[in-house]
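The structure appears right after this line, and notes come after that.
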Amino acid sequence: MKAKVNKEACIKCGACVSICDDVFDLDDEGFAYVKNENNEVAEENVEGTLEAIESCPTEAIVKL
């Protein structure tokens, strides 16, 4: 599975990081991003990633 954060929709709330910090982090400006440069999500982090996608208040995270 892959995930991507749309920075234009991100409001810097950090919910994704608090839910799944193995996959998501905040950049220097506070926008969320997927840590893996290929946007790949490890099998053990799929459940947390899906929870972060569902919890994003602006639907900025998408499953690819």
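A note on labels: chains of the structure tokens are A, B, ... as shown, every chain counts residues from 1, and ligands are counted from 1 in their shown order.
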
Within 9 Å of Ser55 (chain A) using only C-alpha atoms, minus same-chain residues under 3 positions, as a PyMOL selection string: chain A and resi 15-16+19+50-52+58-59

All strand (DSSP E or B) residues (DSSP, backbone) inside chain A, as JSON, numbers by chain: {"A": [2, 3, 4, 5, 24, 25, 26, 32, 33, 34, 40, 61, 62, 63]}

Could you save the residues just selected, with N, CA and C atoms, as a PDB file, in the first residue's frame?
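Result went into selection30.pdb, see below:
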ATOM      1  N   LYS A   2       0.369   2.297  -0.625  1.00  0.00           N
ATOM      2  CA  LYS A   2       1.042   3.590  -0.619  1.00  0.00           C
ATOM      3  C   LYS A   2       0.070   4.640  -0.112  1.00  0.00           C
ATOM      4  N   ALA A   3       0.611   5.705   0.455  1.00  0.00           N
ATOM      5  CA  ALA A   3      -0.193   6.826   0.919  1.00  0.00           C
ATOM      6  C   ALA A   3       0.506   8.118   0.529  1.00  0.00           C
ATOM      7  N   LYS A   4      -0.294   9.156   0.379  1.00  0.00           N
ATOM      8  CA  LYS A   4       0.265  10.458   0.007  1.00  0.00           C
ATOM      9  C   LYS A   4      -0.514  11.546   0.725  1.00  0.00           C
ATOM     10  N   VAL A   5       0.194  12.606   1.100  1.00  0.00           N
ATOM     11  CA  VAL A   5      -0.436  13.747   1.744  1.00  0.00           C
ATOM     12  C   VAL A   5      -0.486  14.909   0.755  1.00  0.00           C
ATOM     13  N   PHE A  24       3.988   8.807   9.258  1.00  0.00           N
ATOM     14  CA  PHE A  24       3.841  10.242   9.019  1.00  0.00           C
ATOM     15  C   PHE A  24       4.732  11.069   9.934  1.00  0.00           C
ATOM     16  N   ASP A  25       5.124  12.237   9.424  1.00  0.00           N
ATOM     17  CA  ASP A  25       5.865  13.208  10.213  1.00  0.00           C
ATOM     18  C   ASP A  25       5.473  14.591   9.706  1.00  0.00           C
ATOM     19  N   LEU A  26       5.906  15.621  10.412  1.00  0.00           N
ATOM     20  CA  LEU A  26       5.658  16.994  10.000  1.00  0.00           C
ATOM     21  C   LEU A  26       6.960  17.621   9.527  1.00  0.00           C
ATOM     22  N   ALA A  32       2.179  17.752   7.065  1.00  0.00           N
ATOM     23  CA  ALA A  32       2.406  16.308   7.166  1.00  0.00           C
ATOM     24  C   ALA A  32       2.983  15.771   5.864  1.00  0.00           C
ATOM     25  N   TYR A  33       3.741  14.683   5.998  1.00  0.00           N
ATOM     26  CA  TYR A  33       4.257  13.972   4.833  1.00  0.00           C
ATOM     27  C   TYR A  33       4.482  12.512   5.203  1.00  0.00           C
ATOM     28  N   VAL A  34       4.569  11.662   4.191  1.00  0.00           N
ATOM     29  CA  VAL A  34       4.872  10.251   4.389  1.00  0.00           C
ATOM     30  C   VAL A  34       6.394  10.126   4.463  1.00  0.00           C
ATOM     31  N   GLU A  40       5.645   4.269   0.266  1.00  0.00           N
ATOM     32  CA  GLU A  40       5.297   2.899   0.641  1.00  0.00           C
ATOM     33  C   GLU A  40       4.996   2.826   2.131  1.00  0.00           C
ATOM     34  N   ILE A  61      -5.006  13.100   3.256  1.00  0.00           N
ATOM     35  CA  ILE A  61      -4.234  11.874   3.046  1.00  0.00           C
ATOM     36  C   ILE A  61      -5.029  10.942   2.146  1.00  0.00           C
ATOM     37  N   VAL A  62      -4.368  10.435   1.123  1.00  0.00           N
ATOM     38  CA  VAL A  62      -5.026   9.514   0.203  1.00  0.00           C
ATOM     39  C   VAL A  62      -4.258   8.208   0.117  1.00  0.00           C
ATOM     40  N   LYS A  63      -5.003   7.147  -0.064  1.00  0.00           N
ATOM     41  CA  LYS A  63      -4.407   5.830  -0.288  1.00  0.00           C
ATOM     42  C   LYS A  63      -4.172   5.688  -1.785  1.00  0.00           C
TER      43      LYS A  63
END

Just the alpha helix (DSSP H) stuff from chain A, please, per backbone DSSP, written as an mmCIF file with C-alpha atoms, in the first residue's frame.
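Dumped to states-v2.cif:
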data_model
loop_
_atom_site.group_PDB
_atom_site.id
_atom_site.type_symbol
_atom_site.label_atom_id
_atom_site.label_comp_id
_atom_site.auth_asym_id
_atom_site.auth_seq_id
_atom_site.Cartn_x
_atom_site.Cartn_y
_atom_site.Cartn_z
ATOM 1 C CA ALA A 15 -3.510 13.960 13.809
ATOM 2 C CA CYS A 16 -1.853 11.565 11.367
ATOM 3 C CA VAL A 17 1.461 11.771 13.238
ATOM 4 C CA SER A 18 -0.205 11.143 16.585
ATOM 5 C CA ILE A 19 -2.014 8.125 15.138
ATOM 6 C CA VAL A 46 -1.298 -0.382 7.155
ATOM 7 C CA GLU A 47 -3.940 -0.404 9.901
ATOM 8 C CA GLY A 48 -2.579 2.757 11.516
ATOM 9 C CA THR A 49 -2.278 4.464 8.140
ATOM 10 C CA LEU A 50 -5.889 3.684 7.286
ATOM 11 C CA GLU A 51 -6.944 5.065 10.667
ATOM 12 C CA ALA A 52 -4.958 8.248 9.966
ATOM 13 C CA ILE A 53 -6.611 8.579 6.543
ATOM 14 C CA GLU A 54 -10.065 8.274 8.109
ATOM 15 C CA SER A 55 -9.179 10.716 10.905
#

Nearest-residue call for Met1 (chain A), choices A:Cys20, A:Val41, A:Ala60, A:Cys13, using only C-alpha atoms: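 So, comparing all the options, the nearest one is A:Val41.
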
All residues 10 Å or closer to Gly30 (chain A), only C-alpha atoms, same chain fewer than 5 positions away omitted, as a ChimeraX atom specification: /A:7,10-14,25

Keeping all heavy atoms, export the residues of the selection given above as a short mmCIF file (atom, residue, chain, number, x, y, z; two decimals), in the first residue's frame.
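As written to disk, part_4.cif reads:
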data_model
loop_
_atom_site.label_atom_id
_atom_site.label_comp_id
_atom_site.auth_asym_id
_atom_site.auth_seq_id
_atom_site.Cartn_x
_atom_site.Cartn_y
_atom_site.Cartn_z
N LYS A 7 -0.42 18.50 0.45
CA LYS A 7 -0.04 19.63 1.30
C LYS A 7 -0.99 20.81 1.15
O LYS A 7 -1.13 21.61 2.07
CB LYS A 7 1.39 20.05 1.01
CG LYS A 7 2.40 19.11 1.60
CD LYS A 7 3.79 19.69 1.53
CE LYS A 7 4.77 18.76 2.22
NZ LYS A 7 6.11 19.31 2.27
N CYS A 10 -3.67 19.99 3.66
CA CYS A 10 -3.20 19.77 5.03
C CYS A 10 -3.33 21.06 5.85
O CYS A 10 -2.94 22.14 5.39
CB CYS A 10 -1.74 19.32 5.01
SG CYS A 10 -1.02 19.03 6.65
N ILE A 11 -3.88 20.93 7.06
CA ILE A 11 -4.02 22.10 7.94
C ILE A 11 -3.05 22.03 9.12
O ILE A 11 -3.20 22.76 10.10
CB ILE A 11 -5.47 22.26 8.44
CG1 ILE A 11 -5.93 21.03 9.21
CG2 ILE A 11 -6.40 22.61 7.28
CD1 ILE A 11 -7.26 21.21 9.94
N LYS A 12 -2.09 21.14 9.05
CA LYS A 12 -1.01 21.03 10.04
C LYS A 12 -1.50 20.64 11.43
O LYS A 12 -0.91 21.02 12.43
CB LYS A 12 -0.24 22.35 10.14
CG LYS A 12 0.27 22.91 8.84
CD LYS A 12 0.95 24.24 9.08
CE LYS A 12 1.30 24.94 7.81
NZ LYS A 12 1.96 26.23 8.06
N CYS A 13 -2.57 19.85 11.50
CA CYS A 13 -3.11 19.49 12.82
C CYS A 13 -2.31 18.39 13.51
O CYS A 13 -2.35 18.26 14.72
CB CYS A 13 -4.59 19.10 12.71
SG CYS A 13 -4.88 17.50 11.95
N GLY A 14 -1.60 17.58 12.74
CA GLY A 14 -0.76 16.55 13.31
C GLY A 14 -1.48 15.28 13.75
O GLY A 14 -0.88 14.41 14.37
N ASP A 25 5.12 12.24 9.42
CA ASP A 25 5.86 13.21 10.21
C ASP A 25 5.47 14.59 9.71
O ASP A 25 4.80 14.71 8.69
CB ASP A 25 7.37 12.99 10.07
CG ASP A 25 8.16 13.58 11.23
OD1 ASP A 25 7.56 14.22 12.11
OD2 ASP A 25 9.39 13.38 11.26
#
